[in-house]
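Working notes, beginning with the structure itself.
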Amino acid sequence: MIFSSGASVHEPYYVSEASTDTLHAQAVASAGTLVPLNALQPRFLADLAPHIAVQALSAGDLLFAEGTVDHQHIYLLFGEVELFNGVGLPERVRAGATGAPLAHQQPRPCSAVAISDTTVLRIDSDLLDRSLSWSQISQYLMSELALQRDLDEDIEWMQTVVNSNLFLKVPPVNVERIFARLTPMVVHAGERILRQGEIGDCCYFIKEGEAVVGVYNDVTAAVDNVAKIGPGRCFGEDALVYEKPRNANITMTTDGVLMRLEQADFDLLLQEASVDEVAANELGALPEFPILIDVRTDEEYAAGHLACSGNIPLSLLSMKKRLLSPGSRYVFYCNSGRRSRAAAYLLGKEGYNVMSLAGGIDGANLSEQLVADENYVLRDGRLISGQ
């Protein structure tokens with residue numbers, strides 16, 4: 001198909017959190033059918049929702065051009081588009097036919113043009129990858145903690161800590177270090193923990209007890225209590241992330257225990273841990289060609305994976321690591337390297353011979369080598385054809 005020179009690209013528009021725009025609400029609700037958004041835990045999907053852009057197009061409008069790089073996941077929600085690259089017949093795609101992003105390679109392997117009134121959803125790929133990595137790593141950690149019976153009473157607040165958006169900037173590979181950096185602090189009812197206007201150098205998580213949030217009212221010259229907070233809630237994090245003065249008073253209403261995170265410890269969590277990595281063109285130079293393991297979700301694996309590779313989703317790594325053999329060498333991979341680095345680090349600490357594929361599929365420009373018609377399963381630490 002050749003479209004006219006008048007083909008245009010509409011700028012995607014964002015809908016504010018306060019808006020009741022029906023189209024945006026439907027787009028966010030449809031995430032449960034889109035890969036890999038459907039793998040996000042509700043909390044992470046909710047945090048991602050304000051960053052989802054909905055774009056409306058008319059017939060003839062260009063979604064993207066062959067050879068361009070936009071670093072986006074683009075999903076077809078309504079309507080129909082045509083994909084073409086000048087070689088072979090164009091491919092028509094109708095909304096609902098697939099939950100996968102459209103022609104998801106960078107640079108784009110083809111052009112896409114709307115052939116009817118169409119609506120698409122756009123998400124920054126790096127932001128989605130970061131959210132997905134943290135969502136899956138938190139599932140892994142909760143599985144590990146569930147095996148430690150002495151932590152049964154702590155599971156709920158620890159899960160809230162891991163799911164806190166405070167740590168979205170922390171490399172997922174550092175997840176286990178978070179709790180080692182938290183210091184317990186016994187507090188009492190009536191004790192003021194934060195004072196509005198102060199310069200802070202730490203934040204707190206409530207492990208036990210409850211507190212009230214108070215904000216100074218310039219009109220009444222008094223402090224208005226605006227919210228109550230309980231176990232798992234984080235407060236004072238703006239001091240770490242934005243270096244801002246405290247914007248509220250926090251006063252305990254009961255006795256309790258807080259977990260304190262200092263600025264210096266938060267800064268350490270932002271630093272990448274060392275992980276053994278190997279470049280794609282160096283795999284053959286290893287003493288023995290490694291076993292490739294895709295740590296993305298099973299649906300991502302099914303949509304396309306490296307040839308002769310198995311699948312152990314990062315979220316299930318705690319349960320499925322028994323399928324690996326300590327005597328074999330494995331190379332984990334994902335799209336960007338975030339999830340595979342975390343998996344390699346965590347299992348490397350347990351004595352497994354594991355590495356991460358440097359840069360992932362995208363960084364190593366391997367997207368054109370992905371296959372979907374062969375699957376492998378792990379048995380006794382080795383790959384067995386699943387066909």
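Identifiers for the structure tokens are assigned positionally: chains receive A, B, ... in sequence, residues are indexed from 1 per chain, and ligands are indexed from 1 in the order shown.
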
Quiz prompt | Per-residue DSSP, region 166-310 of chain A, filtered to strand (DSSP E), as a PyMOL selection string | solution = chain A and resi 183-187+192-194+202-208+211-217+222-229+234-235+249-252+256-262+277-278+291-294+309-310

Quiz item: Contacts of region 118-134 of chain A at 6 Å or less, counting only C-alpha atoms, minus same-chain residues fewer than 5 places along, as JSON, numbers by chain?
Solution: {"A": [40, 52, 53, 54, 55, 56, 57, 71, 72, 73, 74, 75, 76, 77, 78, 79, 339]}

Just N, CA, C and O atoms for this one: save the residues we selected as a compact mmCIF listing (two decimals), in the first residue's frame.
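Writing the result to again.txt gives the following:
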```
# COMPACT_ATOMS: atom_id res chain seq x y z
N LEU A 40 1.73 -7.32 34.85
CA LEU A 40 1.98 -6.37 35.93
C LEU A 40 1.02 -6.60 37.10
O LEU A 40 -0.18 -6.82 36.89
N ILE A 52 0.34 6.32 30.33
CA ILE A 52 -0.19 5.70 29.11
C ILE A 52 -0.81 6.78 28.22
O ILE A 52 -1.63 7.57 28.68
N ALA A 53 -0.39 6.83 26.96
CA ALA A 53 -0.93 7.80 26.01
C ALA A 53 -1.90 7.11 25.08
O ALA A 53 -1.64 6.00 24.61
N VAL A 54 -3.02 7.74 24.82
CA VAL A 54 -4.01 7.24 23.87
C VAL A 54 -3.98 8.15 22.65
O VAL A 54 -4.07 9.37 22.77
N GLN A 55 -3.85 7.56 21.47
CA GLN A 55 -3.74 8.32 20.24
C GLN A 55 -4.88 7.93 19.31
O GLN A 55 -5.09 6.75 19.03
N ALA A 56 -5.63 8.91 18.83
CA ALA A 56 -6.72 8.68 17.88
C ALA A 56 -6.25 9.06 16.48
O ALA A 56 -5.64 10.12 16.29
N LEU A 57 -6.49 8.19 15.51
CA LEU A 57 -6.08 8.44 14.14
C LEU A 57 -7.23 8.23 13.18
O LEU A 57 -8.18 7.51 13.49
N HIS A 71 11.21 3.94 20.58
CA HIS A 71 11.30 3.38 21.93
C HIS A 71 9.93 3.33 22.62
O HIS A 71 9.78 3.72 23.78
N GLN A 72 8.94 2.86 21.88
CA GLN A 72 7.59 2.74 22.42
C GLN A 72 7.01 1.36 22.16
O GLN A 72 7.33 0.71 21.15
N HIS A 73 6.14 0.93 23.07
CA HIS A 73 5.24 -0.19 22.83
C HIS A 73 3.94 0.44 22.31
O HIS A 73 3.37 1.31 22.97
N ILE A 74 3.50 0.01 21.13
CA ILE A 74 2.28 0.56 20.54
C ILE A 74 1.28 -0.58 20.33
O ILE A 74 1.59 -1.57 19.67
N TYR A 75 0.10 -0.42 20.92
CA TYR A 75 -0.94 -1.45 20.86
C TYR A 75 -2.16 -0.93 20.11
O TYR A 75 -2.57 0.22 20.29
N LEU A 76 -2.74 -1.78 19.30
CA LEU A 76 -3.95 -1.43 18.56
C LEU A 76 -5.17 -1.75 19.42
O LEU A 76 -5.42 -2.90 19.76
N LEU A 77 -5.93 -0.72 19.78
CA LEU A 77 -7.10 -0.90 20.64
C LEU A 77 -8.39 -1.00 19.84
O LEU A 77 -9.26 -1.83 20.11
N PHE A 78 -8.55 -0.11 18.86
CA PHE A 78 -9.74 -0.09 18.02
C PHE A 78 -9.32 0.16 16.57
O PHE A 78 -8.34 0.84 16.31
N GLY A 79 -10.07 -0.40 15.65
CA GLY A 79 -9.82 -0.13 14.24
C GLY A 79 -8.93 -1.16 13.57
O GLY A 79 -8.79 -2.30 14.02
N ARG A 339 15.84 -7.62 33.92
CA ARG A 339 15.35 -8.83 34.57
C ARG A 339 16.41 -9.93 34.60
O ARG A 339 16.54 -10.65 35.60
```

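Around region 208-212 of chain A, within 7 Å and counting only C-alpha atoms, the residues found are A:Asn225, A:Ala227, A:Lys228, A:Ile229, A:Gly230, A:Pro231, A:Ile250, A:Thr251, A:Met252, A:Thr253, A:Thr254, A:Asp255, A:Gly256, A:Val257, A:Leu258, once anything fewer than 3 positions away on its own chain is removed.
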
Could you dump the residues just selected with N, CA and C atoms as a PDB file, in the first residue's frame?
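This went into selection_25.pdb:
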```pdb
ATOM      1  N   ASN A 225      -5.175  17.777  60.600  1.00  0.00           N
ATOM      2  CA  ASN A 225      -4.895  16.366  60.344  1.00  0.00           C
ATOM      3  C   ASN A 225      -5.619  15.951  59.058  1.00  0.00           C
ATOM      4  N   ALA A 227      -4.778  12.894  57.088  1.00  0.00           N
ATOM      5  CA  ALA A 227      -4.793  11.468  56.737  1.00  0.00           C
ATOM      6  C   ALA A 227      -4.240  10.632  57.878  1.00  0.00           C
ATOM      7  N   LYS A 228      -4.685   9.382  57.894  1.00  0.00           N
ATOM      8  CA  LYS A 228      -4.127   8.400  58.823  1.00  0.00           C
ATOM      9  C   LYS A 228      -3.357   7.372  58.012  1.00  0.00           C
ATOM     10  N   ILE A 229      -2.216   6.941  58.517  1.00  0.00           N
ATOM     11  CA  ILE A 229      -1.402   5.954  57.810  1.00  0.00           C
ATOM     12  C   ILE A 229      -1.036   4.813  58.754  1.00  0.00           C
ATOM     13  N   GLY A 230      -0.827   3.619  58.160  1.00  0.00           N
ATOM     14  CA  GLY A 230      -0.559   2.435  58.969  1.00  0.00           C
ATOM     15  C   GLY A 230       0.555   1.584  58.403  1.00  0.00           C
ATOM     16  N   PRO A 231       0.644   0.318  58.818  1.00  0.00           N
ATOM     17  CA  PRO A 231       1.743  -0.581  58.437  1.00  0.00           C
ATOM     18  C   PRO A 231       1.991  -0.630  56.935  1.00  0.00           C
ATOM     19  N   ILE A 250       4.330  14.378  60.760  1.00  0.00           N
ATOM     20  CA  ILE A 250       3.907  12.998  60.974  1.00  0.00           C
ATOM     21  C   ILE A 250       4.020  12.711  62.468  1.00  0.00           C
ATOM     22  N   THR A 251       2.884  12.361  63.070  1.00  0.00           N
ATOM     23  CA  THR A 251       2.848  12.104  64.515  1.00  0.00           C
ATOM     24  C   THR A 251       2.248  10.730  64.776  1.00  0.00           C
ATOM     25  N   MET A 252       2.910   9.946  65.608  1.00  0.00           N
ATOM     26  CA  MET A 252       2.394   8.622  65.943  1.00  0.00           C
ATOM     27  C   MET A 252       1.132   8.752  66.794  1.00  0.00           C
ATOM     28  N   THR A 253       0.132   7.953  66.484  1.00  0.00           N
ATOM     29  CA  THR A 253      -1.081   7.911  67.302  1.00  0.00           C
ATOM     30  C   THR A 253      -1.102   6.673  68.182  1.00  0.00           C
ATOM     31  N   THR A 254      -0.192   5.739  67.923  1.00  0.00           N
ATOM     32  CA  THR A 254      -0.040   4.531  68.749  1.00  0.00           C
ATOM     33  C   THR A 254       1.445   4.253  68.920  1.00  0.00           C
ATOM     34  N   ASP A 255       1.767   3.371  69.856  1.00  0.00           N
ATOM     35  CA  ASP A 255       3.133   2.868  69.929  1.00  0.00           C
ATOM     36  C   ASP A 255       3.391   2.056  68.656  1.00  0.00           C
ATOM     37  N   GLY A 256       4.638   1.959  68.257  1.00  0.00           N
ATOM     38  CA  GLY A 256       4.916   1.198  67.046  1.00  0.00           C
ATOM     39  C   GLY A 256       6.391   1.021  66.768  1.00  0.00           C
ATOM     40  N   VAL A 257       6.665   0.502  65.590  1.00  0.00           N
ATOM     41  CA  VAL A 257       8.035   0.295  65.123  1.00  0.00           C
ATOM     42  C   VAL A 257       8.143   0.842  63.704  1.00  0.00           C
ATOM     43  N   LEU A 258       9.122   1.707  63.478  1.00  0.00           N
ATOM     44  CA  LEU A 258       9.394   2.238  62.155  1.00  0.00           C
ATOM     45  C   LEU A 258      10.687   1.642  61.623  1.00  0.00           C
TER      46      LEU A 258
END
```

Exercise. Find the spatial neighbours of Glu243 (chain A), counting only C-alpha atoms, within a cut-off of 10 Å - ignore same-chain residues fewer than 5 positions away - and output them as number ranges by chain.
Key: A: 199-201, 237-238, 263

Can you spit out the residues from that selection as a PDB file, in the first residue's frame, using N, CA, C and O atoms?
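Ended up saving to part-v5.pdb:
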```pdb
ATOM      1  N   ILE A 199      14.496  20.124  56.784  1.00  0.00           N
ATOM      2  CA  ILE A 199      15.282  19.479  55.736  1.00  0.00           C
ATOM      3  C   ILE A 199      15.534  18.047  56.198  1.00  0.00           C
ATOM      4  O   ILE A 199      16.066  17.819  57.287  1.00  0.00           O
ATOM      5  N   GLY A 200      15.119  17.085  55.386  1.00  0.00           N
ATOM      6  CA  GLY A 200      15.225  15.689  55.803  1.00  0.00           C
ATOM      7  C   GLY A 200      16.397  14.970  55.154  1.00  0.00           C
ATOM      8  O   GLY A 200      16.872  15.349  54.087  1.00  0.00           O
ATOM      9  N   ASP A 201      16.853  13.914  55.813  1.00  0.00           N
ATOM     10  CA  ASP A 201      17.933  13.092  55.269  1.00  0.00           C
ATOM     11  C   ASP A 201      17.614  11.605  55.403  1.00  0.00           C
ATOM     12  O   ASP A 201      18.495  10.756  55.361  1.00  0.00           O
ATOM     13  N   GLU A 237       9.756  10.320  51.897  1.00  0.00           N
ATOM     14  CA  GLU A 237      10.594   9.906  50.767  1.00  0.00           C
ATOM     15  C   GLU A 237      11.003  11.069  49.859  1.00  0.00           C
ATOM     16  O   GLU A 237      12.003  10.977  49.135  1.00  0.00           O
ATOM     17  N   ASP A 238      10.247  12.175  49.875  1.00  0.00           N
ATOM     18  CA  ASP A 238      10.617  13.315  49.032  1.00  0.00           C
ATOM     19  C   ASP A 238      12.000  13.855  49.384  1.00  0.00           C
ATOM     20  O   ASP A 238      12.700  14.407  48.528  1.00  0.00           O
ATOM     21  N   GLN A 263      19.641   8.603  53.821  1.00  0.00           N
ATOM     22  CA  GLN A 263      19.991   9.072  52.486  1.00  0.00           C
ATOM     23  C   GLN A 263      21.198   8.323  51.923  1.00  0.00           C
ATOM     24  O   GLN A 263      21.205   7.906  50.761  1.00  0.00           O
TER      25      GLN A 263
END
```

Quiz prompt | Ser309 (chain A) surroundings by only C-alpha atoms, 10 Å radius, close-in-sequence under 6 positions cut, as a PyMOL selection string | solution = chain A and resi 290-294+301+331-333+374-378+383-385

Just write the chosen residues, N, CA, C and O atoms, as a short mmCIF file (atom, residue, chain, number, x, y, z; two decimals), in the first residue's frame.
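The resulting selection_23.cif:
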```cif
data_model
loop_
_atom_site.label_atom_id
_atom_site.label_comp_id
_atom_site.auth_asym_id
_atom_site.auth_seq_id
_atom_site.Cartn_x
_atom_site.Cartn_y
_atom_site.Cartn_z
N PRO A 290 26.69 -22.08 26.52
CA PRO A 290 25.76 -22.10 27.66
C PRO A 290 24.34 -22.47 27.26
O PRO A 290 23.97 -22.45 26.09
N ILE A 291 23.55 -22.77 28.26
CA ILE A 291 22.11 -23.00 28.07
C ILE A 291 21.42 -21.65 28.23
O ILE A 291 21.58 -20.97 29.23
N LEU A 292 20.66 -21.26 27.21
CA LEU A 292 19.98 -19.97 27.23
C LEU A 292 18.63 -20.07 27.91
O LEU A 292 17.83 -20.96 27.61
N ILE A 293 18.37 -19.15 28.83
CA ILE A 293 17.11 -19.13 29.57
C ILE A 293 16.47 -17.75 29.46
O ILE A 293 17.06 -16.73 29.84
N ASP A 294 15.27 -17.70 28.93
CA ASP A 294 14.48 -16.48 28.81
C ASP A 294 13.75 -16.25 30.13
O ASP A 294 12.97 -17.10 30.56
N TYR A 301 7.69 -15.03 25.92
CA TYR A 301 8.47 -16.14 25.35
C TYR A 301 7.74 -16.74 24.16
O TYR A 301 8.33 -17.00 23.10
N VAL A 331 22.93 -18.79 30.62
CA VAL A 331 22.91 -17.36 30.32
C VAL A 331 21.45 -16.94 30.27
O VAL A 331 20.67 -17.43 29.45
N PHE A 332 21.06 -16.03 31.18
CA PHE A 332 19.70 -15.51 31.23
C PHE A 332 19.59 -14.31 30.29
O PHE A 332 20.55 -13.54 30.14
N TYR A 333 18.42 -14.14 29.71
CA TYR A 333 18.21 -12.96 28.88
C TYR A 333 16.77 -12.46 29.00
O TYR A 333 15.86 -13.18 29.39
N GLU A 374 9.22 -22.86 18.04
CA GLU A 374 9.91 -23.94 18.74
C GLU A 374 9.98 -23.60 20.22
O GLU A 374 10.20 -22.45 20.59
N ASN A 375 9.74 -24.57 21.06
CA ASN A 375 9.75 -24.36 22.50
C ASN A 375 10.57 -25.46 23.16
O ASN A 375 10.61 -26.60 22.69
N TYR A 376 11.20 -25.10 24.25
CA TYR A 376 12.02 -26.05 24.99
C TYR A 376 11.64 -26.01 26.47
O TYR A 376 11.22 -24.98 26.99
N VAL A 377 11.78 -27.15 27.12
CA VAL A 377 11.54 -27.24 28.55
C VAL A 377 12.81 -27.75 29.21
O VAL A 377 13.65 -28.40 28.57
N LEU A 378 12.95 -27.46 30.49
CA LEU A 378 14.12 -27.90 31.23
C LEU A 378 13.85 -29.23 31.90
O LEU A 378 12.81 -29.43 32.53
N LEU A 383 18.03 -28.58 28.29
CA LEU A 383 16.87 -28.24 27.46
C LEU A 383 16.43 -29.44 26.65
O LEU A 383 17.23 -30.11 26.02
N ILE A 384 15.12 -29.67 26.68
CA ILE A 384 14.50 -30.74 25.90
C ILE A 384 13.43 -30.10 25.01
O ILE A 384 12.65 -29.27 25.47
N SER A 385 13.41 -30.48 23.73
CA SER A 385 12.41 -29.91 22.83
C SER A 385 11.01 -30.17 23.34
O SER A 385 10.67 -31.28 23.73
#
```
